[in-house]
file final_33.tsv (TSV, C-alpha atoms and all ligand atoms)
chain	number	residue	atom	x	y	z
L	1	MET	CA	-0.13	-13.93	29.65
L	2	LEU	CA	-0.27	-13.12	25.91
L	3	THR	CA	-2.25	-15.08	23.35
L	4	ASP	CA	-0.63	-17.21	20.66
L	5	ARG	CA	-2.55	-15.05	18.23
L	6	VAL	CA	-0.87	-11.81	19.23
L	7	ASN	CA	2.49	-13.54	19.58
L	8	THR	CA	2.41	-14.37	15.86
L	9	LEU	CA	2.79	-10.67	15.05
L	10	SER	CA	6.19	-9.13	14.33
L	11	GLU	CA	6.88	-5.45	14.69
L	12	SER	CA	6.86	-3.56	11.39
L	13	ILE	CA	10.51	-3.12	10.29
L	14	THR	CA	9.47	-0.05	8.30
L	15	ILE	CA	8.09	1.66	11.39
L	16	ALA	CA	11.07	0.48	13.51
L	17	ILE	CA	13.59	2.02	11.10
L	18	THR	CA	11.59	5.22	10.70
L	19	THR	CA	11.40	5.57	14.50
L	20	LEU	CA	15.13	4.89	14.91
L	21	ALA	CA	15.91	7.49	12.25
L	22	GLN	CA	13.66	10.02	14.04
L	23	GLU	CA	15.38	9.31	17.37
L	24	LEU	CA	18.85	9.77	15.85
L	25	LYS	CA	17.67	12.99	14.23
L	26	ALA	CA	16.35	14.22	17.61
L	27	GLN	CA	19.83	13.57	19.02
L	28	GLY	CA	21.12	16.09	16.51
L	29	LYS	CA	22.46	13.64	13.89
L	30	ASP	CA	22.22	14.65	10.26
L	31	ILE	CA	19.94	11.77	9.28
L	32	LEU	CA	18.43	11.54	5.80
L	33	SER	CA	15.41	9.28	5.96
L	34	PHE	CA	13.99	7.44	2.97
L	35	SER	CA	12.15	4.87	5.03
L	36	ALA	CA	8.65	6.25	5.54
L	37	GLY	CA	5.76	5.43	3.26
L	38	GLU	CA	4.19	8.84	3.55
L	39	PRO	CA	3.87	11.80	1.17
L	40	ASP	CA	5.80	14.87	2.33
L	41	PHE	CA	3.01	17.21	1.14
L	42	ASN	CA	0.31	18.73	3.33
L	43	THR	CA	-3.28	17.62	3.02
L	44	PRO	CA	-4.93	19.92	0.40
L	45	LYS	CA	-6.68	22.99	1.78
L	46	VAL	CA	-10.05	22.08	0.25
L	47	ILE	CA	-10.03	18.91	2.38
L	48	ASN	CA	-8.93	20.71	5.54
L	49	ASP	CA	-11.69	23.29	4.99
L	50	ALA	CA	-14.33	20.56	4.72
L	51	ALA	CA	-13.14	19.15	8.07
L	52	ILE	CA	-13.15	22.56	9.76
L	53	ALA	CA	-16.67	23.22	8.47
L	54	ALA	CA	-17.79	19.84	9.85
L	55	ILE	CA	-16.48	20.75	13.31
L	56	ASN	CA	-18.07	24.19	13.24
L	57	GLU	CA	-21.38	22.74	12.11
L	58	GLY	CA	-21.34	20.29	15.03
L	59	PHE	CA	-20.92	17.27	12.78
L	60	THR	CA	-19.03	15.45	15.50
L	61	LYS	CA	-21.27	12.61	16.70
L	62	TYR	CA	-21.54	8.88	16.01
L	63	THR	CA	-22.59	7.96	12.49
L	64	ALA	CA	-23.61	4.72	10.78
L	65	VAL	CA	-20.89	2.09	11.39
L	66	ASP	CA	-19.99	1.83	7.70
L	67	GLY	CA	-19.94	5.62	7.21
L	68	ILE	CA	-22.53	8.23	6.20
L	69	VAL	CA	-24.44	7.50	2.99
L	70	GLU	CA	-23.12	10.71	1.41
L	71	LEU	CA	-19.56	9.40	1.83
L	72	ARG	CA	-20.30	5.91	0.56
L	73	GLN	CA	-22.09	7.46	-2.41
L	74	ALA	CA	-19.01	9.62	-3.08
L	75	ILE	CA	-16.90	6.44	-3.06
L	76	ALA	CA	-19.36	4.72	-5.40
L	77	ASN	CA	-19.20	7.74	-7.75
L	78	LYS	CA	-15.40	7.69	-7.69
L	79	LEU	CA	-15.28	3.95	-8.42
L	80	LYS	CA	-17.64	4.47	-11.37
L	81	LYS	CA	-15.83	7.51	-12.76
L	82	ASP	CA	-12.21	6.41	-12.28
L	83	ASN	CA	-12.46	2.64	-12.41
L	84	ASN	CA	-15.64	1.83	-14.34
L	85	LEU	CA	-16.92	-0.20	-11.38
L	86	THR	CA	-20.55	-0.18	-10.31
L	87	TYR	CA	-20.98	-0.54	-6.58
L	88	ALA	CA	-23.97	0.60	-4.50
L	89	PRO	CA	-23.38	2.28	-1.12
L	90	ASN	CA	-24.38	-0.97	0.66
L	91	GLN	CA	-21.47	-2.70	-1.08
L	92	ILE	CA	-19.01	-0.30	0.54
L	93	ILE	CA	-17.71	0.07	4.10
L	94	THR	CA	-15.31	2.76	5.32
L	95	SER	CA	-12.69	1.97	7.98
L	96	ASN	CA	-9.75	3.51	9.83
L	97	GLY	CA	-7.35	3.32	6.90
L	98	ALA	CA	-6.91	0.66	4.23
L	99	LYS	CA	-4.94	-1.28	6.82
L	100	HIS	CA	-8.09	-1.58	8.90
L	101	SER	CA	-10.11	-2.57	5.82
L	102	LEU	CA	-7.65	-5.41	5.23
L	103	PHE	CA	-7.83	-6.43	8.88
L	104	ASN	CA	-11.63	-6.58	8.63
L	105	LEU	CA	-11.51	-8.51	5.36
L	106	PHE	CA	-9.03	-11.10	6.61
L	107	SER	CA	-10.80	-11.43	9.97
L	108	ALA	CA	-14.09	-12.10	8.22
L	109	THR	CA	-12.77	-14.62	5.71
L	110	ILE	CA	-9.65	-16.44	6.95
L	111	GLN	CA	-9.59	-19.25	9.47
L	112	LYS	CA	-7.09	-21.88	10.54
L	113	GLY	CA	-5.73	-23.84	7.62
L	114	ASP	CA	-6.72	-21.33	4.94
L	115	GLU	CA	-4.00	-20.27	2.55
L	116	VAL	CA	-3.44	-16.75	1.31
L	117	ILE	CA	-1.26	-16.20	-1.75
L	118	ILE	CA	0.96	-13.13	-1.45
L	119	PRO	CA	3.39	-12.16	-4.23
L	120	ALA	CA	6.78	-11.11	-2.82
L	121	PRO	CA	8.04	-8.46	-2.41
L	122	TYR	CA	4.91	-7.48	-0.51
L	123	TRP	CA	3.70	-4.71	1.75
L	124	VAL	CA	4.81	-5.77	5.24
L	125	THR	CA	1.34	-5.91	6.79
L	126	TYR	CA	-0.27	-8.64	4.66
L	127	PRO	CA	1.53	-11.71	6.01
L	128	GLU	CA	1.25	-10.47	9.59
L	129	LEU	CA	-2.53	-10.07	9.33
L	130	VAL	CA	-2.89	-13.48	7.68
L	131	LYS	CA	-0.90	-15.16	10.47
L	132	TYR	CA	-2.89	-13.25	13.09
L	133	CYS	CA	-6.12	-14.62	11.61
L	134	GLY	CA	-4.75	-18.19	11.72
L	135	GLY	CA	-4.08	-18.50	7.99
L	136	ASP	CA	-0.98	-19.72	6.18
L	137	VAL	CA	0.96	-17.45	3.84
L	138	VAL	CA	1.92	-18.84	0.43
L	139	GLU	CA	4.47	-16.55	-1.16
L	140	ILE	CA	5.12	-16.27	-4.87
L	141	GLU	CA	8.61	-14.98	-5.44
L	142	THR	CA	9.21	-12.36	-8.11
L	143	SER	CA	12.30	-10.41	-9.10
L	144	ASP	CA	13.35	-7.35	-11.05
L	145	GLU	CA	13.73	-9.59	-14.10
L	146	THR	CA	9.91	-9.80	-14.39
L	147	SER	CA	9.30	-6.26	-13.07
L	148	PHE	CA	8.22	-7.94	-9.83
L	149	LYS	CA	4.99	-9.26	-11.33
L	150	ILE	CA	3.64	-12.80	-10.99
L	151	THR	CA	2.81	-14.86	-14.05
L	152	PRO	CA	-0.35	-16.95	-14.61
L	153	GLU	CA	1.86	-20.07	-14.43
L	154	GLN	CA	3.22	-19.09	-11.02
L	155	LEU	CA	-0.29	-18.37	-9.78
L	156	SER	CA	-1.60	-21.66	-11.04
L	157	ALA	CA	1.21	-23.55	-9.31
L	158	ALA	CA	0.54	-21.78	-5.99
L	159	ILE	CA	-3.18	-22.58	-5.83
L	160	THR	CA	-4.33	-25.50	-3.66
L	161	SER	CA	-7.72	-26.62	-2.37
L	162	LYS	CA	-7.01	-24.48	0.71
L	163	THR	CA	-6.42	-21.22	-1.15
L	164	LYS	CA	-8.82	-18.57	0.14
L	165	ILE	CA	-7.39	-15.25	-1.01
L	166	LEU	CA	-4.96	-13.87	-3.56
L	167	VAL	CA	-3.53	-10.48	-2.60
L	168	LEU	CA	-2.65	-8.15	-5.47
L	169	THR	CA	-1.15	-4.69	-4.99
L	170	THR	CA	-1.13	-2.45	-8.02
L	171	PRO	CA	0.74	-0.09	-8.11
L	172	SER	CA	2.97	-2.01	-5.73
L	173	ASN	CA	4.57	-1.04	-2.49
L	174	PRO	CA	7.57	-1.63	-2.45
L	175	THR	CA	8.31	-1.90	-6.21
L	176	GLY	CA	5.99	0.53	-8.00
L	177	SER	CA	5.02	-2.12	-10.57
L	178	ILE	CA	1.61	-1.90	-12.18
L	179	TYR	CA	-0.27	-4.83	-13.69
L	180	SER	CA	-1.59	-4.08	-17.17
L	181	LYS	CA	-5.17	-4.91	-18.10
L	182	ASP	CA	-4.00	-7.91	-20.15
L	183	GLU	CA	-1.89	-9.21	-17.28
L	184	LEU	CA	-4.88	-8.98	-14.93
L	185	ILE	CA	-7.12	-10.73	-17.46
L	186	ALA	CA	-4.58	-13.57	-17.69
L	187	LEU	CA	-4.39	-13.90	-13.89
L	188	GLY	CA	-8.20	-13.76	-13.68
L	189	LYS	CA	-8.49	-16.68	-16.13
L	190	VAL	CA	-6.44	-18.86	-13.77
L	191	LEU	CA	-8.96	-18.16	-10.99
L	192	GLU	CA	-12.06	-19.01	-13.01
L	193	GLY	CA	-14.05	-21.89	-11.51
L	194	THR	CA	-12.53	-21.36	-8.02
L	195	ASP	CA	-13.93	-19.56	-4.93
L	196	ILE	CA	-10.74	-17.59	-4.46
L	197	ILE	CA	-11.20	-13.98	-3.36
L	198	VAL	CA	-8.90	-11.35	-4.85
L	199	ALA	CA	-7.95	-8.69	-2.31
L	200	SER	CA	-6.97	-5.85	-4.62
L	201	ASP	CA	-5.04	-3.15	-2.79
L	202	GLU	CA	-5.21	-0.05	-5.00
L	203	MET	CA	-3.82	2.47	-2.49
L	204	TYR	CA	-1.36	4.02	-4.96
L	205	GLU	CA	-3.78	4.18	-7.89
L	206	LYS	CA	-3.53	7.97	-8.23
L	207	LEU	CA	0.26	7.81	-8.26
L	208	THR	CA	0.57	6.23	-11.68
L	209	PHE	CA	3.42	7.64	-13.78
L	210	ASP	CA	3.80	5.29	-16.74
L	211	GLY	CA	1.26	2.91	-18.17
L	212	THR	CA	-2.42	2.88	-17.37
L	213	PHE	CA	-3.89	1.82	-14.09
L	214	THR	CA	-6.64	-0.81	-14.26
L	215	SER	CA	-8.69	-2.01	-11.30
L	216	CYS	CA	-8.65	-5.79	-10.88
L	217	ALA	CA	-12.43	-5.88	-10.56
L	218	ALA	CA	-12.82	-4.10	-13.90
L	219	VAL	CA	-11.27	-6.74	-16.14
L	220	SER	CA	-14.16	-9.21	-16.29
L	221	GLU	CA	-17.51	-10.07	-14.72
L	222	ASP	CA	-15.87	-13.06	-13.01
L	223	MET	CA	-13.14	-10.84	-11.51
L	224	PHE	CA	-15.72	-8.26	-10.46
L	225	LYS	CA	-17.60	-10.86	-8.44
L	226	ARG	CA	-14.53	-12.29	-6.69
L	227	THR	CA	-12.58	-9.07	-6.09
L	228	VAL	CA	-12.66	-6.98	-2.95
L	229	THR	CA	-11.37	-3.53	-3.85
L	230	ILE	CA	-9.38	-1.83	-1.11
L	231	ASN	CA	-8.40	1.82	-1.34
L	232	GLY	CA	-8.14	5.03	0.67
L	233	LEU	CA	-6.76	8.55	0.64
L	234	SER	CA	-3.55	8.26	2.67
L	235	LYS	CA	-1.22	8.38	-0.32
L	236	SER	CA	-3.22	10.16	-3.04
L	237	VAL	CA	-4.08	13.26	-1.01
L	238	ALA	CA	-1.57	13.02	1.84
L	239	MET	CA	-4.14	12.03	4.47
L	240	THR	CA	-2.12	9.38	6.32
L	241	GLY	CA	-3.02	10.67	9.77
L	242	TRP	CA	-6.73	11.13	9.12
L	243	ARG	CA	-7.29	7.37	8.97
L	244	PHE	CA	-9.60	6.74	6.08
L	245	GLY	CA	-9.86	3.64	3.94
L	246	TYR	CA	-12.59	1.59	2.35
L	247	MET	CA	-13.51	-1.77	0.97
L	248	ALA	CA	-15.95	-2.38	-1.87
L	249	ALA	CA	-17.29	-5.82	-2.71
L	250	HIS	CA	-19.97	-7.35	-4.91
L	251	ASP	CA	-20.82	-9.70	-2.03
L	252	THR	CA	-23.09	-7.76	0.36
L	253	GLU	CA	-22.89	-10.60	2.93
L	254	LEU	CA	-19.15	-9.93	3.23
L	255	ILE	CA	-19.76	-6.22	3.70
L	256	LYS	CA	-22.43	-6.98	6.35
L	257	ALA	CA	-20.02	-9.29	8.20
L	258	THR	CA	-17.26	-6.67	8.30
L	259	LYS	CA	-19.82	-4.10	9.41
L	260	LYS	CA	-20.80	-6.38	12.31
L	261	LEU	CA	-17.14	-6.79	13.27
L	262	GLN	CA	-16.53	-3.06	13.06
L	263	SER	CA	-19.69	-2.33	15.07
L	264	GLN	CA	-18.29	-4.37	17.95
L	265	SER	CA	-14.73	-3.09	17.71
L	266	THR	CA	-14.15	0.45	16.44
L	267	SER	CA	-17.62	1.69	15.27
L	268	ASN	CA	-17.69	4.41	12.61
L	269	ILE	CA	-14.50	6.14	11.54
L	270	ASN	CA	-13.88	9.69	12.76
L	271	THR	CA	-16.89	11.81	11.77
L	272	ILE	CA	-14.80	14.81	10.73
L	273	THR	CA	-12.61	12.61	8.54
L	274	GLN	CA	-15.75	11.41	6.78
L	275	LYS	CA	-16.62	14.95	5.66
L	276	ALA	CA	-13.00	15.61	4.71
L	277	ALA	CA	-12.85	12.39	2.70
L	278	ILE	CA	-15.81	13.47	0.55
L	279	ALA	CA	-13.74	16.47	-0.56
L	280	GLY	CA	-10.83	14.10	-1.27
L	281	LEU	CA	-13.02	11.91	-3.47
L	282	ASP	CA	-15.39	14.18	-5.34
L	283	GLY	CA	-12.85	15.87	-7.61
L	284	SER	CA	-12.35	19.00	-5.46
L	285	ALA	CA	-8.72	18.03	-4.80
L	286	ASP	CA	-7.88	16.87	-8.34
L	287	ALA	CA	-5.54	19.79	-9.07
L	288	ASP	CA	-3.61	19.08	-5.84
L	289	ILE	CA	-3.40	15.38	-6.73
L	290	GLU	CA	-1.98	16.22	-10.16
L	291	MET	CA	0.53	18.68	-8.68
L	292	MET	CA	1.83	15.96	-6.32
L	293	ARG	CA	1.91	13.33	-9.06
L	294	LEU	CA	4.00	15.56	-11.36
L	295	GLU	CA	6.40	16.33	-8.53
L	296	PHE	CA	6.77	12.61	-7.78
L	297	ILE	CA	7.56	11.95	-11.46
L	298	LYS	CA	10.41	14.51	-11.38
L	299	ARG	CA	11.86	12.95	-8.25
L	300	ARG	CA	11.44	9.42	-9.55
L	301	ASP	CA	13.24	10.23	-12.81
L	302	GLU	CA	16.18	11.86	-11.09
L	303	ALA	CA	16.50	9.26	-8.31
L	304	TYR	CA	16.24	6.43	-10.84
L	305	GLU	CA	19.06	7.88	-12.94
L	306	LEU	CA	21.32	8.61	-9.98
L	307	ILE	CA	20.91	5.14	-8.46
L	308	ASN	CA	21.58	3.40	-11.77
L	309	LYS	CA	24.83	5.37	-12.12
L	310	ILE	CA	26.17	3.73	-8.96
L	311	ASP	CA	28.44	0.84	-9.80
L	312	GLY	CA	26.98	-2.27	-8.12
L	313	LEU	CA	23.39	-1.05	-7.75
L	314	SER	CA	20.51	-1.26	-10.20
L	315	VAL	CA	16.85	-0.41	-10.13
L	316	VAL	CA	13.82	-0.97	-12.34
L	317	LYS	CA	11.97	2.26	-13.14
L	318	PRO	CA	8.80	2.21	-11.02
L	319	ASP	CA	5.56	2.86	-12.93
L	320	GLY	CA	3.82	4.20	-9.85
L	321	ALA	CA	3.83	4.73	-6.05
L	322	PHE	CA	6.83	6.55	-4.53
L	323	TYR	CA	9.48	3.91	-3.96
L	324	LEU	CA	12.60	2.58	-5.66
L	325	PHE	CA	13.29	-1.09	-4.92
L	326	VAL	CA	17.05	-1.17	-5.43
L	327	ASN	CA	18.98	-4.34	-6.27
L	328	ILE	CA	22.11	-4.66	-4.08
L	329	LYS	CA	22.99	-8.27	-4.93
L	330	GLU	CA	26.42	-7.34	-6.36
L	331	VAL	CA	27.30	-5.58	-3.13
L	332	SER	CA	25.61	-7.52	-0.32
L	333	SER	CA	23.57	-10.64	0.30
L	334	ASP	CA	22.25	-9.34	3.61
L	335	SER	CA	19.90	-6.40	3.15
L	336	LEU	CA	19.37	-5.91	6.90
L	337	ALA	CA	23.11	-5.62	7.59
L	338	PHE	CA	23.48	-3.35	4.53
L	339	SER	CA	20.72	-1.02	5.75
L	340	LYS	CA	22.00	-0.94	9.33
L	341	ASP	CA	25.55	-0.14	8.16
L	342	LEU	CA	24.26	2.54	5.80
L	343	LEU	CA	22.43	4.18	8.70
L	344	ASP	CA	25.42	3.85	11.05
L	345	LYS	CA	28.10	5.03	8.64
L	346	LYS	CA	26.31	7.45	6.32
L	347	LEU	CA	23.23	8.39	8.36
L	348	VAL	CA	20.89	7.31	5.57
L	349	ALA	CA	17.77	5.34	6.47
L	350	VAL	CA	16.31	2.86	3.96
L	351	VAL	CA	14.28	-0.32	4.51
L	352	PRO	CA	15.93	-3.71	3.87
L	353	GLY	CA	14.30	-5.84	1.16
L	354	ILE	CA	13.99	-8.74	3.57
L	355	ALA	CA	11.27	-6.79	5.41
L	356	PHE	CA	9.19	-7.15	2.23
L	357	GLY	CA	10.11	-10.81	1.77
L	358	SER	CA	12.82	-10.21	-0.88
L	359	GLU	CA	16.50	-10.48	0.02
L	360	GLY	CA	19.03	-8.57	-2.06
L	361	TYR	CA	17.23	-5.21	-2.26
L	362	PHE	CA	16.44	-2.11	-0.27
L	363	ARG	CA	13.45	0.20	-0.53
L	364	MET	CA	13.99	3.89	-0.79
L	365	SER	CA	11.03	6.26	-0.69
L	366	PHE	CA	11.23	9.35	-2.87
L	367	ALA	CA	8.45	11.10	-0.94
L	368	THR	CA	10.93	13.71	0.16
L	369	ASP	CA	12.42	16.85	-1.34
L	370	ILE	CA	14.83	16.65	-4.27
L	371	GLY	CA	17.77	18.11	-2.30
L	372	THR	CA	17.52	15.35	0.29
L	373	ILE	CA	17.24	12.77	-2.49
L	374	ARG	CA	20.43	14.07	-4.18
L	375	THR	CA	22.46	14.20	-0.98
L	376	GLY	CA	21.12	10.85	0.20
L	377	ILE	CA	22.01	9.09	-3.04
L	378	SER	CA	25.50	10.59	-3.08
L	379	ARG	CA	26.00	9.19	0.44
L	380	ILE	CA	24.69	5.81	-0.74
L	381	ALA	CA	27.21	5.97	-3.63
L	382	GLU	CA	30.09	6.61	-1.20
L	383	PHE	CA	28.89	3.77	1.02
L	384	VAL	CA	28.67	1.30	-1.87
L	385	LYS	CA	32.17	2.30	-3.02
L	386	GLU	CA	33.51	1.58	0.46
L	387	CYS	CA	31.71	-1.80	0.52
L	388	ARG	CA	33.39	-3.02	-2.66
T	1	LIG	N1	-1.74	-0.63	1.32
T	1	LIG	C1	-0.50	-0.36	0.92
T	1	LIG	C2	0.04	-1.06	-0.27
T	1	LIG	C3	0.29	0.55	1.64
T	1	LIG	O1	1.55	0.81	1.25
T	1	LIG	C4	-0.26	1.18	2.78
T	1	LIG	C5	0.55	2.13	3.59
T	1	LIG	O2	1.75	2.10	3.61
T	1	LIG	C6	-1.56	0.88	3.13
T	1	LIG	C7	-2.29	-0.04	2.39
T	1	LIG	C8	-2.20	1.47	4.37
T	1	LIG	O3	-2.81	2.65	4.15
T	1	LIG	P1	-3.71	3.37	5.24
T	1	LIG	O4	-2.93	4.54	5.72
T	1	LIG	O5	-4.96	3.75	4.50
T	1	LIG	O6	-4.00	2.39	6.33

call {"tool": "encode", "arguments": {"input": "final_33.tsv", "output": "structure tokens"}}
result
Amino acid sequence: MLTDRVNTLSESITIAITTLAQELKAQGKDILSFSAGEPDFNTPKVINDAAIAAINEGFTKYTAVDGIVELRQAIANKLKKDNNLTYAPNQIITSNGAKHSLFNLFSATIQKGDEVIIPAPYWVTYPELVKYCGGDVVEIETSDETSFKITPEQLSAAITSKTKILVLTTPSNPTGSIYSKDELIALGKVLEGTDIIVASDEMYEKLTFDGTFTSCAAVSEDMFKRTVTINGLSKSVAMTGWRFGYMAAHDTELIKATKKLQSQSTSNINTITQKAAIAGLDGSADADIEMMRLEFIKRRDEAYELINKIDGLSVVKPDGAFYLFVNIKEVSSDSLAFSKDLLDKKLVAVVPGIAFGSEGYFRMSFATDIGTIRTGISRIAEFVKECR
């Protein structure tokens, strides 16, 4: 009954573990969950107020498929101000989250036989979407020894005549690594003379703790033309449930194609979200963003120190995002079994590295309060001691 296409999809392990942890919690178990990729803060008031005003003003009807011009102009202004990128509103389309933007991008560009290069560890959704669209995933393995970043040599070796897209995530989920400007320039040089598209997922841009964030498209004219910039507000202003993301591209034909696809599938994103998103983009929420960023830095520093004190575990300090990607190779070679046992025995939920394509690690989100982080890590320490 089901298509081959839909049968290629696997369930997200991240969501599965988060749901299991929620179920156990509902049964009254003292579960500490570090599995979700979601800020624990509320959406800033200034954004909520913009949404409430939209409802009260009757701004609740269909809009243009790609979003109201005022919103796309706010995105263009943000890209200019924060990223030094010049896009016009017709080079931008808003969608139901960055996940939807990626779905649109891959649907519009990938067909059977096309290869998509994805550095591992990766965000779980990329390979699934590529497979769904009939493409083949080409992974580039990285490790904590290179701060989980690919080198120009690795990229060059992965490219074939079938390569269609290179996916880059900076800052990264699950590792928090950030590519420097020079590193992006070096990767861009490898792509020169090819038709390869760079899908640059910049979801965690505002959660940069160390180093400077640089947009892929900003490093050269060549990179600007080949890069599709993907971003949204889920992580920066805690708007995960509002469903807002966008794609910006130099190529207006690509934007038109995704607009056509969206017009026949989901139409415009929620009208109220569009008004709220303007307040998330135009600087009104900057103080809230900074408050959250500083809080994440405190948690990251403490969690990083506590994990590295555990005999058998080690972790690279993440430059951004809100995850620690912890090396467990001295303790276990099976991250799924490790994570299941940790949940069973110590009631701590983390995501196994294998879900992100990298065995020998687990991902722990620090988007939760410091007390939970302290207790959770002390339980992890007990568990590791018992494993050895
Ligand atoms: N990109 C990355 C790297 C993510 O980690 C996530 C969410 O976990 C997304 C995109 C999806 O974000 P959205 O909520 O906008 O669909």

call {"tool": "residues_near_ligand", "arguments": {"input": "final_33.tsv", "ligand": "ligand LIG 1 (chain T)", "cutoff": "6 Å", "atoms": "all atoms listed in the file", "output": "PyMOL selection string"}}
result
chain L and resi 37+97-99+123+173+201+203+232+234+240+244-245

call {"tool": "residues_around", "arguments": {"input": "final_33.tsv", "residues": "L:Ser332", "least_positions_apart": "4", "cutoff": "12 Å", "atoms": "only C-alpha atoms", "output": "compact mmCIF listing (two decimals) with C-alpha atoms, keeping the file's coordinate frame"}}
result
# COMPACT_ATOMS: atom_id res chain seq x y z
CA GLY L 312 26.98 -2.27 -8.12
CA LEU L 313 23.39 -1.05 -7.75
CA VAL L 326 17.05 -1.17 -5.43
CA ASN L 327 18.98 -4.34 -6.27
CA ILE L 328 22.11 -4.66 -4.08
CA LEU L 336 19.37 -5.91 6.90
CA ALA L 337 23.11 -5.62 7.59
CA PHE L 338 23.48 -3.35 4.53
CA SER L 339 20.72 -1.02 5.75
CA ASP L 341 25.55 -0.14 8.16
CA LEU L 342 24.26 2.54 5.80
CA PRO L 352 15.93 -3.71 3.87
CA GLY L 353 14.30 -5.84 1.16
CA GLU L 359 16.50 -10.48 0.02
CA GLY L 360 19.03 -8.57 -2.06
CA TYR L 361 17.23 -5.21 -2.26
CA PHE L 362 16.44 -2.11 -0.27
CA PHE L 383 28.89 3.77 1.02
CA VAL L 384 28.67 1.30 -1.87
CA CYS L 387 31.71 -1.80 0.52
CA ARG L 388 33.39 -3.02 -2.66

call {"tool": "atom_distance", "arguments": {"input": "final_33.tsv", "atom1": "atom CA of L:Leu155", "atom2": "atom CA of L:Cys133"}}
result
22.5 Å

call {"tool": "closest_residue", "arguments": {"input": "final_33.tsv", "among": "L:Glu205, L:Asp210, L:Asp49, L:Asp251", "to": "L:Arg226", "atoms": "all atoms listed in the file"}}
result
L:Asp251

call {"tool": "residues_near_point", "arguments": {"input": "final_33.tsv", "point": "(-12.1, -11.8, -11.6)", "cutoff": "12 Å", "atoms": "all atoms listed in the file", "output": "ChimeraX atom specification"}}
result
/L:166,168,181,183-200,215-229,249-250

call {"tool": "closest_residue", "arguments": {"input": "final_33.tsv", "among": "L:Lys385, L:Lys259, L:Lys45, L:His100", "to": "L:Arg243", "atoms": "all atoms listed in the file"}}
result
L:His100

call {"tool": "closest_residue", "arguments": {"input": "final_33.tsv", "among": "L:Pro171, L:Gly371, L:Gly113, L:Gly28", "to": "L:Gly135", "atoms": "all atoms listed in the file"}}
result
L:Gly113

call {"tool": "atom_distance", "arguments": {"input": "final_33.tsv", "atom1": "atom CA of L:Leu324", "atom2": "atom CA of L:Thr125"}}
result
18.8 Å

call {"tool": "closest_residue", "arguments": {"input": "final_33.tsv", "among": "L:Val315, L:Ile373, L:Val69, L:Val351", "to": "L:Ser147", "atoms": "all atoms listed in the file"}}
result
L:Val315

call {"tool": "atom_distance", "arguments": {"input": "final_33.tsv", "atom1": "atom CA of L:Thr63", "atom2": "atom CA of L:Thr109"}}
result
25.5 Å

call {"tool": "closest_residue", "arguments": {"input": "final_33.tsv", "among": "L:Thr271, L:Ser95, L:Ser180, L:Asn308", "to": "L:Leu233", "atoms": "only C-alpha atoms"}}
result
L:Ser95

call {"tool": "closest_residue", "arguments": {"input": "final_33.tsv", "among": "L:Ala303, L:Ala50, L:Ile68, L:Val138", "to": "L:Tyr126", "atoms": "only C-alpha atoms"}}
result
L:Val138

call {"tool": "axis_aligned_box", "arguments": {"input": "final_33.tsv", "around": "stretch 2-6 of chain L", "padding_each_side": "4 Å", "output": "lines of an AutoDock Vina configuration file"}}
result
center_x = -1.4
center_y = -14.5
center_z = 22.1
size_x = 10.3
size_y = 13.4
size_z = 15.7

call {"tool": "residues_near_point", "arguments": {"input": "final_33.tsv", "point": "(13.0, 1.9, 10.4)", "cutoff": "8 Å", "atoms": "all atoms listed in the file", "output": "count of residues only"}}
result
14

call {"tool": "build_atoms", "arguments": {"input": "final_33.tsv", "residues": "stretch 364-373 of chain L", "atoms": "N, CA and C atoms", "output": "mmCIF file, in the coordinates of the input"}}
result
data_model
loop_
_atom_site.group_PDB
_atom_site.id
_atom_site.type_symbol
_atom_site.label_atom_id
_atom_site.label_comp_id
_atom_site.auth_asym_id
_atom_site.auth_seq_id
_atom_site.Cartn_x
_atom_site.Cartn_y
_atom_site.Cartn_z
ATOM 1 N N MET L 364 13.717 2.487 -1.061
ATOM 2 C CA MET L 364 13.990 3.890 -0.790
ATOM 3 C C MET L 364 12.774 4.690 -1.242
ATOM 4 N N SER L 365 12.193 5.447 -0.321
ATOM 5 C CA SER L 365 11.030 6.260 -0.690
ATOM 6 C C SER L 365 11.525 7.572 -1.303
ATOM 7 N N PHE L 366 10.863 8.025 -2.358
ATOM 8 C CA PHE L 366 11.230 9.350 -2.870
ATOM 9 C C PHE L 366 10.137 10.376 -2.542
ATOM 10 N N ALA L 367 9.422 10.120 -1.429
ATOM 11 C CA ALA L 367 8.450 11.100 -0.940
ATOM 12 C C ALA L 367 9.156 12.102 -0.028
ATOM 13 N N THR L 368 10.191 12.671 -0.556
ATOM 14 C CA THR L 368 10.930 13.710 0.160
ATOM 15 C C THR L 368 11.538 14.667 -0.861
ATOM 16 N N ASP L 369 12.010 15.822 -0.387
ATOM 17 C CA ASP L 369 12.420 16.850 -1.340
ATOM 18 C C ASP L 369 13.656 16.435 -2.158
ATOM 19 N N ILE L 370 13.807 17.062 -3.303
ATOM 20 C CA ILE L 370 14.830 16.650 -4.270
ATOM 21 C C ILE L 370 16.250 16.845 -3.712
ATOM 22 N N GLY L 371 16.438 17.868 -2.892
ATOM 23 C CA GLY L 371 17.770 18.110 -2.300
ATOM 24 C C GLY L 371 18.172 16.943 -1.415
ATOM 25 N N THR L 372 17.249 16.491 -0.593
ATOM 26 C CA THR L 372 17.520 15.350 0.290
ATOM 27 C C THR L 372 17.789 14.099 -0.545
ATOM 28 N N ILE L 373 17.036 13.945 -1.624
ATOM 29 C CA ILE L 373 17.240 12.770 -2.490
ATOM 30 C C ILE L 373 18.658 12.806 -3.075
#
